[in-house]
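Asker: My file is final23.pdb. It has PDB, C-alpha atoms:
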ATOM      1  CA  MET Z 332     -67.945 -28.921 -36.645
ATOM      2  CA  GLN Z 333     -65.754 -26.187 -35.192
ATOM      3  CA  ALA Z 334     -62.254 -26.215 -33.743
ATOM      4  CA  PRO Z 335     -60.352 -23.380 -32.011
ATOM      5  CA  LEU Z 336     -57.184 -22.188 -33.706
ATOM      6  CA  ALA Z 337     -53.978 -23.092 -31.917
ATOM      7  CA  ASP Z 338     -52.117 -20.426 -29.974
ATOM      8  CA  GLY Z 339     -50.243 -18.161 -32.366
ATOM      9  CA  VAL Z 340     -52.051 -19.501 -35.442
ATOM     10  CA  PHE Z 341     -54.136 -17.205 -37.648
ATOM     11  CA  MET Z 342     -56.097 -18.113 -40.776
ATOM     12  CA  VAL Z 343     -58.049 -16.307 -43.459
ATOM     13  CA  VAL Z 344     -59.944 -17.308 -46.574
ATOM     14  CA  CYS Z 345     -58.228 -15.682 -49.538
ATOM     15  CA  GLY Z 346     -60.099 -16.364 -52.763
ATOM     16  CA  GLU Z 347     -60.432 -20.136 -53.081
ATOM     17  CA  ASP Z 348     -57.582 -20.805 -50.653
ATOM     18  CA  VAL Z 349     -56.898 -20.555 -46.939
ATOM     19  CA  VAL Z 350     -53.707 -18.813 -45.811
ATOM     20  CA  VAL Z 351     -52.185 -19.697 -42.454
ATOM     21  CA  LEU Z 352     -49.826 -17.595 -40.337
ATOM     22  CA  ASN Z 353     -47.957 -19.106 -37.391
ATOM     23  CA  ILE Z 354     -46.332 -16.286 -35.439
ATOM     24  CA  HIS Z 355     -44.192 -18.642 -33.350
ATOM     25  CA  ASP Z 356     -42.547 -20.078 -36.473
ATOM     26  CA  ASP Z 357     -42.725 -16.779 -38.397
ATOM     27  CA  HIS Z 358     -44.125 -18.807 -41.256
ATOM     28  CA  TYR Z 359     -46.944 -18.484 -43.801
ATOM     29  CA  SER Z 360     -48.488 -21.490 -45.538
ATOM     30  CA  CYS Z 361     -51.369 -22.036 -47.941
ATOM     31  CA  LEU Z 362     -54.154 -24.618 -48.078
ATOM     32  CA  PRO Z 363     -55.126 -24.587 -51.781
ATOM     33  CA  GLU Z 364     -58.851 -24.726 -52.553
ATOM     34  CA  ALA Z 365     -59.738 -25.079 -48.870
ATOM     35  CA  GLY Z 366     -61.697 -21.827 -48.905
ATOM     36  CA  ALA Z 367     -64.836 -23.592 -50.124
ATOM     37  CA  HIS Z 368     -64.758 -26.047 -47.215
ATOM     38  CA  LEU Z 369     -63.661 -23.985 -44.220
ATOM     39  CA  LYS Z 370     -65.306 -21.055 -42.506
ATOM     40  CA  ILE Z 371     -62.707 -19.049 -40.605
ATOM     41  CA  SER Z 372     -63.336 -16.652 -37.727
ATOM     42  CA  LEU Z 373     -60.843 -14.727 -35.632
ATOM     43  CA  SER Z 374     -60.181 -17.681 -33.346
ATOM     44  CA  ALA Z 375     -61.753 -20.798 -34.878
ATOM     45  CA  ALA Z 376     -62.164 -22.887 -38.014
ATOM     46  CA  GLN Z 377     -65.437 -24.533 -38.972
ATOM     47  CA  GLY Z 378     -65.744 -27.313 -41.524
ATOM     48  CA  PRO Z 379     -65.981 -31.064 -42.177
ATOM     49  CA  GLU Z 380     -64.654 -33.318 -39.440
ATOM     50  CA  PRO Z 381     -61.953 -35.002 -41.618
ATOM     51  CA  LEU Z 382     -60.543 -31.630 -42.636
ATOM     52  CA  LEU Z 383     -60.534 -30.370 -39.053
ATOM     53  CA  ALA Z 384     -58.741 -33.572 -38.044
ATOM     54  CA  ASP Z 385     -56.044 -32.815 -40.609
ATOM     55  CA  LEU Z 386     -55.671 -29.300 -39.180
ATOM     56  CA  ALA Z 387     -55.320 -30.747 -35.694
ATOM     57  CA  ASP Z 388     -52.686 -33.233 -36.863
ATOM     58  CA  ALA Z 389     -50.741 -30.315 -38.351
ATOM     59  CA  GLY Z 390     -50.917 -28.431 -35.042
ATOM     60  CA  LEU Z 391     -53.083 -25.653 -36.479
ATOM     61  CA  THR Z 392     -55.991 -26.149 -34.091
ATOM     62  CA  GLY Z 393     -55.914 -26.632 -30.349
ATOM     63  CA  ALA Z 394     -57.926 -28.098 -27.515
ATOM     64  CA  LYS Z 395     -59.227 -24.742 -26.315
ATOM     65  CA  GLU Z 396     -59.804 -21.311 -27.764
ATOM     66  CA  SER Z 397     -56.922 -18.882 -27.395
ATOM     67  CA  GLY Z 398     -58.154 -15.534 -26.130
ATOM     68  CA  GLY Z 399     -56.859 -11.995 -26.338
ATOM     69  CA  ARG Z 400     -56.924 -11.712 -30.117
ATOM     70  CA  CYS Z 401     -57.265  -8.231 -31.539
ATOM     71  CA  PRO Z 402     -60.290  -7.776 -33.819
ATOM     72  CA  ILE Z 403     -59.347  -7.057 -37.412
ATOM     73  CA  PRO Z 404     -60.510  -3.582 -38.465
ATOM     74  CA  PRO Z 405     -61.959  -2.764 -41.893
ATOM     75  CA  LEU Z 406     -59.399  -1.890 -44.537
ATOM     76  CA  PRO Z 407     -58.439   1.791 -44.376
ATOM     77  CA  ASP Z 408     -59.815   3.953 -47.154
ATOM     78  CA  LYS Z 409     -57.794   7.108 -46.509
ATOM     79  CA  ALA Z 410     -54.184   8.032 -45.821
ATOM     80  CA  LEU Z 411     -53.518  10.152 -42.760
ATOM     81  CA  ASP Z 412     -53.270  13.782 -43.828
ATOM     82  CA  LEU Z 413     -49.786  15.044 -42.963
ATOM     83  CA  SER Z 414     -49.992  18.347 -44.846
ATOM     84  CA  GLY Z 415     -50.653  20.414 -41.737
ATOM     85  CA  ALA Z 416     -48.261  18.556 -39.440
ATOM     86  CA  ARG Z 417     -45.311  20.472 -38.001
ATOM     87  CA  PRO Z 418     -42.947  18.108 -36.168
ATOM     88  CA  ARG Z 419     -41.279  19.570 -33.084
ATOM     89  CA  MET Z 420     -37.737  18.997 -31.883
ATOM     90  CA  ALA Z 421     -39.022  16.491 -29.323
ATOM     91  CA  ASP Z 422     -40.760  14.554 -32.108
ATOM     92  CA  ASN Z 423     -37.589  14.359 -34.181
ATOM     93  CA  LEU Z 424     -35.506  13.288 -31.185
ATOM     94  CA  CYS Z 425     -38.050  10.582 -30.386
ATOM     95  CA  VAL Z 426     -37.671   9.183 -33.906
ATOM     96  CA  VAL Z 427     -33.860   9.344 -33.787
ATOM     97  CA  ARG Z 428     -33.768   7.464 -30.468
ATOM     98  CA  ALA Z 429     -36.085   4.786 -31.852
ATOM     99  CA  ILE Z 430     -33.962   4.361 -34.982
ATOM    100  CA  SER Z 431     -30.830   4.034 -32.860
ATOM    101  CA  SER Z 432     -32.340   1.346 -30.641
ATOM    102  CA  ALA Z 433     -33.688  -0.541 -33.658
ATOM    103  CA  TRP Z 434     -30.173  -1.667 -34.570
ATOM    104  CA  SER Z 435     -30.173  -4.047 -31.609
ATOM    105  CA  HIS Z 436     -33.872  -4.601 -30.874
ATOM    106  CA  GLY Z 437     -35.599  -4.557 -34.260
ATOM    107  CA  PRO Z 438     -36.600  -7.174 -36.834
ATOM    108  CA  GLY Z 439     -33.830  -9.663 -37.469
ATOM    109  CA  ARG Z 440     -32.590  -9.284 -33.892
ATOM    110  CA  ARG Z 441     -35.633 -10.720 -32.076
ATOM    111  CA  PRO Z 442     -38.201 -13.467 -32.752
ATOM    112  CA  PHE Z 443     -41.239 -12.363 -34.734
ATOM    113  CA  ALA Z 444     -43.623 -13.080 -31.842
ATOM    114  CA  GLU Z 445     -41.635 -10.719 -29.600
ATOM    115  CA  LEU Z 446     -41.834  -7.925 -32.167
ATOM    116  CA  LEU Z 447     -45.620  -8.059 -31.932
ATOM    117  CA  LEU Z 448     -45.589  -7.269 -28.225
ATOM    118  CA  GLY Z 449     -46.231  -3.671 -27.318
ATOM    119  CA  SER Z 450     -47.037  -1.483 -24.360
ATOM    120  CA  GLU Z 451     -50.651  -1.067 -23.306
ATOM    121  CA  PRO Z 452     -52.262   2.323 -23.993
ATOM    122  CA  PRO Z 453     -52.409   4.574 -20.929
ATOM    123  CA  GLU Z 454     -55.551   4.634 -18.825
ATOM    124  CA  ASN Z 455     -58.295   6.795 -20.344
ATOM    125  CA  TYR Z 456     -56.446   6.656 -23.655
ATOM    126  CA  ALA Z 457     -57.557   9.175 -26.269
ATOM    127  CA  VAL Z 458     -56.311   9.347 -29.842
ATOM    128  CA  ASP Z 459     -54.301  12.501 -30.512
ATOM    129  CA  VAL Z 460     -54.429  12.739 -34.296
ATOM    130  CA  LYS Z 461     -52.211  15.832 -34.402
ATOM    131  CA  LEU Z 462     -49.480  14.134 -32.366
ATOM    132  CA  ILE Z 463     -49.725  10.982 -34.488
ATOM    133  CA  ALA Z 464     -49.444  13.093 -37.646
ATOM    134  CA  ARG Z 465     -46.393  14.962 -36.314
ATOM    135  CA  LEU Z 466     -44.616  11.748 -35.331
ATOM    136  CA  THR Z 467     -45.520  10.050 -38.609
ATOM    137  CA  LEU Z 468     -44.163  12.958 -40.646
ATOM    138  CA  ALA Z 469     -40.971  13.110 -38.565
ATOM    139  CA  PHE Z 470     -40.604   9.360 -39.055
ATOM    140  CA  THR Z 471     -41.100   9.678 -42.825
ATOM    141  CA  ARG Z 472     -38.482  12.412 -43.105
ATOM    142  CA  LEU Z 473     -35.880  10.566 -41.023
ATOM    143  CA  LEU Z 474     -36.573   7.077 -42.392
ATOM    144  CA  PRO Z 475     -33.742   7.244 -44.990
ATOM    145  CA  TRP Z 476     -31.313   7.164 -42.043
ATOM    146  CA  ALA Z 477     -32.795   3.929 -40.707
ATOM    147  CA  PRO Z 478     -31.609   0.415 -41.626
ATOM    148  CA  ALA Z 479     -33.940  -1.791 -43.700
ATOM    149  CA  GLN Z 480     -36.260   1.123 -44.392
ATOM    150  CA  GLY Z 481     -37.675  -0.653 -47.426
ATOM    151  CA  ALA Z 482     -39.221  -3.533 -45.456
ATOM    152  CA  CYS Z 483     -42.838  -3.059 -44.396
ATOM    153  CA  LEU Z 484     -42.312  -5.139 -41.233
ATOM    154  CA  TYR Z 485     -39.453  -2.910 -40.113
ATOM    155  CA  ARG Z 486     -41.273   0.337 -40.934
ATOM    156  CA  ALA Z 487     -44.493  -0.614 -39.176
ATOM    157  CA  TRP Z 488     -42.692  -2.005 -36.116
ATOM    158  CA  LEU Z 489     -40.553   1.111 -35.772
ATOM    159  CA  LEU Z 490     -43.378   3.631 -36.215
ATOM    160  CA  ARG Z 491     -45.570   1.705 -33.767
ATOM    161  CA  ARG Z 492     -42.726   1.773 -31.243
ATOM    162  CA  ILE Z 493     -42.367   5.539 -31.744
ATOM    163  CA  LEU Z 494     -46.089   6.163 -31.242
ATOM    164  CA  GLN Z 495     -46.182   4.034 -28.101
ATOM    165  CA  SER Z 496     -43.243   5.912 -26.624
ATOM    166  CA  ARG Z 497     -45.409   9.056 -26.729
ATOM    167  CA  GLY Z 498     -48.554   7.464 -25.326
ATOM    168  CA  GLN Z 499     -50.241   6.804 -28.664
ATOM    169  CA  THR Z 500     -50.986   3.603 -30.498
ATOM    170  CA  ALA Z 501     -52.114   2.253 -33.862
ATOM    171  CA  THR Z 502     -53.430  -1.084 -35.062
ATOM    172  CA  TRP Z 503     -50.751  -3.166 -36.783
ATOM    173  CA  VAL Z 504     -52.471  -5.120 -39.553
ATOM    174  CA  PHE Z 505     -51.002  -8.030 -41.524
ATOM    175  CA  GLY Z 506     -52.479  -8.948 -44.890
ATOM    176  CA  VAL Z 507     -51.943 -11.634 -47.514
ATOM    177  CA  ARG Z 508     -52.721 -12.360 -51.149
ATOM    178  CA  THR Z 509     -52.320 -15.442 -53.328
ATOM    179  CA  TRP Z 510     -51.260 -16.299 -56.867
ATOM    180  CA  PRO Z 511     -48.697 -14.929 -56.554
ATOM    181  CA  PHE Z 512     -48.438 -15.153 -52.798
ATOM    182  CA  GLY Z 513     -47.543 -11.966 -50.987
ATOM    183  CA  ALA Z 514     -47.614 -10.679 -47.415
ATOM    184  CA  HIS Z 515     -47.691  -7.081 -46.277
ATOM    185  CA  CYS Z 516     -48.305  -5.095 -43.098
ATOM    186  CA  TRP Z 517     -49.250  -1.547 -42.202
ATOM    187  CA  LEU Z 518     -50.414   0.689 -39.339
ATOM    188  CA  GLN Z 519     -53.853   2.221 -39.210
ATOM    189  CA  VAL Z 520     -55.920   4.397 -36.901
ATOM    190  CA  ASP Z 521     -59.618   3.936 -37.563
ATOM    191  CA  ARG Z 522     -60.044   4.380 -41.327
ATOM    192  CA  PHE Z 523     -56.657   6.069 -41.849
ATOM    193  CA  VAL Z 524     -53.465   4.249 -42.897
ATOM    194  CA  LEU Z 525     -50.292   5.842 -41.509
ATOM    195  CA  ASP Z 526     -47.358   4.345 -43.387
ATOM    196  CA  ASP Z 527     -48.833   3.296 -46.722
ATOM    197  CA  GLU Z 528     -51.509   4.103 -49.281
ATOM    198  CA  PRO Z 529     -55.094   2.785 -49.281
ATOM    199  CA  ASP Z 530     -54.812   1.616 -52.891
ATOM    200  CA  ARG Z 531     -51.846  -0.580 -52.006
ATOM    201  CA  VAL Z 532     -53.230  -2.229 -48.875
ATOM    202  CA  ALA Z 533     -56.540  -2.872 -50.671
ATOM    203  CA  HIS Z 534     -54.816  -5.689 -52.571
ATOM    204  CA  TYR Z 535     -54.364  -7.677 -49.338
ATOM    205  CA  THR Z 536     -56.781  -9.630 -47.154
ATOM    206  CA  PRO Z 537     -56.128  -8.979 -43.446
ATOM    207  CA  ILE Z 538     -55.170 -12.110 -41.502
ATOM    208  CA  MET Z 539     -54.036 -10.657 -38.149
ATOM    209  CA  ALA Z 540     -54.078  -7.418 -36.192
ATOM    210  CA  VAL Z 541     -52.203  -6.445 -33.049
TER     211      VAL Z 541
END
Just give me the structure as structure tokens.
Answerer:
Amino acid sequence: MQAPLADGVFMVVCGEDVVVLNIHDDHYSCLPEAGAHLKISLSAAQGPEPLLADLADAGLTGAKESGGRCPIPPLPDKALDLSGARPRMADNLCVVRAISSAWSHGPGRRPFAELLLGSEPPENYAVDVKLIARLTLAFTRLLPWAPAQGACLYRAWLLRRILQSRGQTATWVFGVRTWPFGAHCWLQVDRFVLDDEPDRVAHYTPIMAV
């Protein structure tokens, strides 16, 4: 049998376990050894009826499929090359303005679900790799002046906000691992990771993308 995941609930099989993310509660949980019994897709769980009934009782599945979920891209295998990037004054100012606004609008100031919201790409959107590289390098250089620069959630949210302010976008991917449990997130454009290294993100199984 199959049941649609509840609104705001994401699941992924991670080894022998199933990890659950509820964006409304900003909470991860783990279903130990459920990986052998559940088949998880982007928006549904398939498995034995008693197990699906337990998921429904826990509020993890809903009556109808929730649409609008972003497909999860393959893990990036390269870091974006910033060696030829030359940030301009406008790029630096864009980063500074974003850092300033993050004090009142960033993680810790707003619910997690609100942080995931972002502006839609402009009509006839085209990826400008050079602009993305310039903004990413400017962001990297100015990051020491930002609060909470060590947290992956803060870094990815802030860089995504910077890119969107200049008409660009990137996929924000959330990944998990178990034993020990860990959660991580990063930005990627196609096969390129912007704010991390491929070797690091390879240790995580993607559970959600926005």
Asker: List, as a VMD selection string, every residue that the PyMOL selection byres ((chain Z and resi 367) around 10) selects in the file provided.
Answerer: chain Z and resid 344 346 to 349 363 to 366 368 to 370 378
Asker: CA of Ala416 in chain Z and CA of Arg465 in chain Z are how many Å apart?
Answerer: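 Separation of CA of Ala416 in chain Z and CA of Arg465 in chain Z: 5.1 Å.
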Asker: Taking the file above as input, evaluate the PyMOL selection byres ((chain Z and resi 505) around 7) and report the hits as a PyMOL selection string.
Answerer: chain Z and resi 503-504+506+515-517+537-540
Asker: Keeping C-alpha atoms, export the residues of the selection given above as a PDB file, in the frame of the given file.
Answerer:
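Final file, selection06.pdb:
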ATOM      1  CA  TRP Z 503     -50.751  -3.166 -36.783  1.00  0.00           C
ATOM      2  CA  VAL Z 504     -52.471  -5.120 -39.553  1.00  0.00           C
ATOM      3  CA  GLY Z 506     -52.479  -8.948 -44.890  1.00  0.00           C
ATOM      4  CA  HIS Z 515     -47.691  -7.081 -46.277  1.00  0.00           C
ATOM      5  CA  CYS Z 516     -48.305  -5.095 -43.098  1.00  0.00           C
ATOM      6  CA  TRP Z 517     -49.250  -1.547 -42.202  1.00  0.00           C
ATOM      7  CA  PRO Z 537     -56.128  -8.979 -43.446  1.00  0.00           C
ATOM      8  CA  ILE Z 538     -55.170 -12.110 -41.502  1.00  0.00           C
ATOM      9  CA  MET Z 539     -54.036 -10.657 -38.149  1.00  0.00           C
ATOM     10  CA  ALA Z 540     -54.078  -7.418 -36.192  1.00  0.00           C
TER      11      ALA Z 540
END
Asker: Under the rule that all atoms listed in the file are counted, which of Z:Ala482, Z:Ile403, Z:Gln333, Z:Ala389 is the nearest residue to Ile371 in chain Z?
Answerer: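 Using all atoms listed in the file, the shortest distance to Ile371 in chain Z belongs to Z:Gln333.
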Asker: Evaluate the PyMOL selection byres ((chain Z and resi 541) around 12) on the structure here and hand back the selected residues as a tab-separated table (two decimals) with C-alpha atoms, keeping the file's coordinate frame.
Answerer:
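part_11.tsv was written with the following content:
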chain	number	residue	atom	x	y	z
Z	339	GLY	CA	-50.24	-18.16	-32.37
Z	341	PHE	CA	-54.14	-17.20	-37.65
Z	354	ILE	CA	-46.33	-16.29	-35.44
Z	399	GLY	CA	-56.86	-12.00	-26.34
Z	400	ARG	CA	-56.92	-11.71	-30.12
Z	401	CYS	CA	-57.26	-8.23	-31.54
Z	402	PRO	CA	-60.29	-7.78	-33.82
Z	403	ILE	CA	-59.35	-7.06	-37.41
Z	404	PRO	CA	-60.51	-3.58	-38.47
Z	444	ALA	CA	-43.62	-13.08	-31.84
Z	445	GLU	CA	-41.64	-10.72	-29.60
Z	446	LEU	CA	-41.83	-7.92	-32.17
Z	447	LEU	CA	-45.62	-8.06	-31.93
Z	448	LEU	CA	-45.59	-7.27	-28.22
Z	449	GLY	CA	-46.23	-3.67	-27.32
Z	450	SER	CA	-47.04	-1.48	-24.36
Z	451	GLU	CA	-50.65	-1.07	-23.31
Z	487	ALA	CA	-44.49	-0.61	-39.18
Z	488	TRP	CA	-42.69	-2.00	-36.12
Z	491	ARG	CA	-45.57	1.70	-33.77
Z	500	THR	CA	-50.99	3.60	-30.50
Z	501	ALA	CA	-52.11	2.25	-33.86
Z	502	THR	CA	-53.43	-1.08	-35.06
Z	503	TRP	CA	-50.75	-3.17	-36.78
Z	504	VAL	CA	-52.47	-5.12	-39.55
Z	505	PHE	CA	-51.00	-8.03	-41.52
Z	516	CYS	CA	-48.30	-5.10	-43.10
Z	517	TRP	CA	-49.25	-1.55	-42.20
Z	518	LEU	CA	-50.41	0.69	-39.34
Z	519	GLN	CA	-53.85	2.22	-39.21
Z	537	PRO	CA	-56.13	-8.98	-43.45
Z	538	ILE	CA	-55.17	-12.11	-41.50
Z	539	MET	CA	-54.04	-10.66	-38.15
Z	540	ALA	CA	-54.08	-7.42	-36.19
Asker: Go ahead and compute the interatomic distance for CA of Asn423 in chain Z and CA of Tyr485 in chain Z, in Å to one decimal.
Answerer: 18.4 Å
Asker: Expressed in Å to a single decimal, how great is the separation between CA of Leu336 in chain Z and CA of Ser372 in chain Z?
Answerer: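 Straight-line distance from CA of Leu336 in chain Z to CA of Ser372 in chain Z works out to 9.2 Å.
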Asker: For a cut-off of 10 Å around (-58.7, -21.8, -30.7), file coordinates, pick out all residues using only C-alpha atoms and list them as a ChimeraX atom specification.
Answerer: /Z:333-341,372-376,391-398
Asker: Axis-aligned box over every listed atom of range 485-495 of chain Z, padded by 8 Å per side: centre and edges in Å to one decimal, as JSON?
Answerer:
{"center_x": -42.8, "center_y": 1.6, "center_z": -34.5, "size_x": 22.7, "size_y": 25.1, "size_z": 28.8}
Asker: Calculated over all atoms listed in the file, which of the candidates Z:Val427, Z:Met342, Z:Val507, Z:Met332 has the smallest distance to Val532 in chain Z?
Answerer: Z:Val507
Asker: Determine the nearest neighbour of Val524 in chain Z from the options Z:Glu380, Z:Leu413, Z:Pro511, Z:Gly498, counting only C-alpha atoms.
Answerer: Z:Leu413
Asker: Nearest to His355 in chain Z among Z:Ala433, Z:Pro405, Z:Pro453, Z:Pro442, with distances taken over only C-alpha atoms: which residue is it?
Answerer: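 Residue with the minimum atom-to-atom distance to His355 in chain Z: Z:Pro442.
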Asker: Take the point (-51.0, 3.6, -46.7) in the file's coordinates, draw a sphere of radius 9 Å around it, and report as an NGL selection string every protein, DNA or RNA residue with an atom inside or on it, counting only C-alpha atoms.
Answerer: :Z and (407-411 or 517-519 or 523-532)
Asker: Quick one: of Z:Leu474, Z:Val351, Z:Cys483, Z:Met420, who's nearest to Leu386 in chain Z, counting all atoms listed in the file?
Answerer: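 Ranking Z:Leu474, Z:Val351, Z:Cys483, Z:Met420 by distance to Leu386 in chain Z, first place goes to Z:Val351.
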Asker: Contacts of Ser431 in chain Z at 12 Å or less, counting all atoms listed in the file, minus same-chain residues fewer than 5 places along, as a PDB file with C-alpha atoms, in the frame of the given file?
Answerer:
ATOM      1  CA  LEU Z 424     -35.506  13.288 -31.185  1.00  0.00           C
ATOM      2  CA  CYS Z 425     -38.050  10.582 -30.386  1.00  0.00           C
ATOM      3  CA  VAL Z 426     -37.671   9.183 -33.906  1.00  0.00           C
ATOM      4  CA  HIS Z 436     -33.872  -4.601 -30.874  1.00  0.00           C
ATOM      5  CA  GLY Z 437     -35.599  -4.557 -34.260  1.00  0.00           C
ATOM      6  CA  LEU Z 473     -35.880  10.566 -41.023  1.00  0.00           C
ATOM      7  CA  LEU Z 474     -36.573   7.077 -42.392  1.00  0.00           C
ATOM      8  CA  TRP Z 476     -31.313   7.164 -42.043  1.00  0.00           C
ATOM      9  CA  ALA Z 477     -32.795   3.929 -40.707  1.00  0.00           C
ATOM     10  CA  PRO Z 478     -31.609   0.415 -41.626  1.00  0.00           C
ATOM     11  CA  LEU Z 489     -40.553   1.111 -35.772  1.00  0.00           C
ATOM     12  CA  ILE Z 493     -42.367   5.539 -31.744  1.00  0.00           C
TER      13      ILE Z 493
END
Asker: Between Z:His358, Z:Val343, Z:Gln495, Z:Leu462, which is the closest to Ala421 in chain Z once you count only C-alpha atoms?
Answerer: Z:Leu462
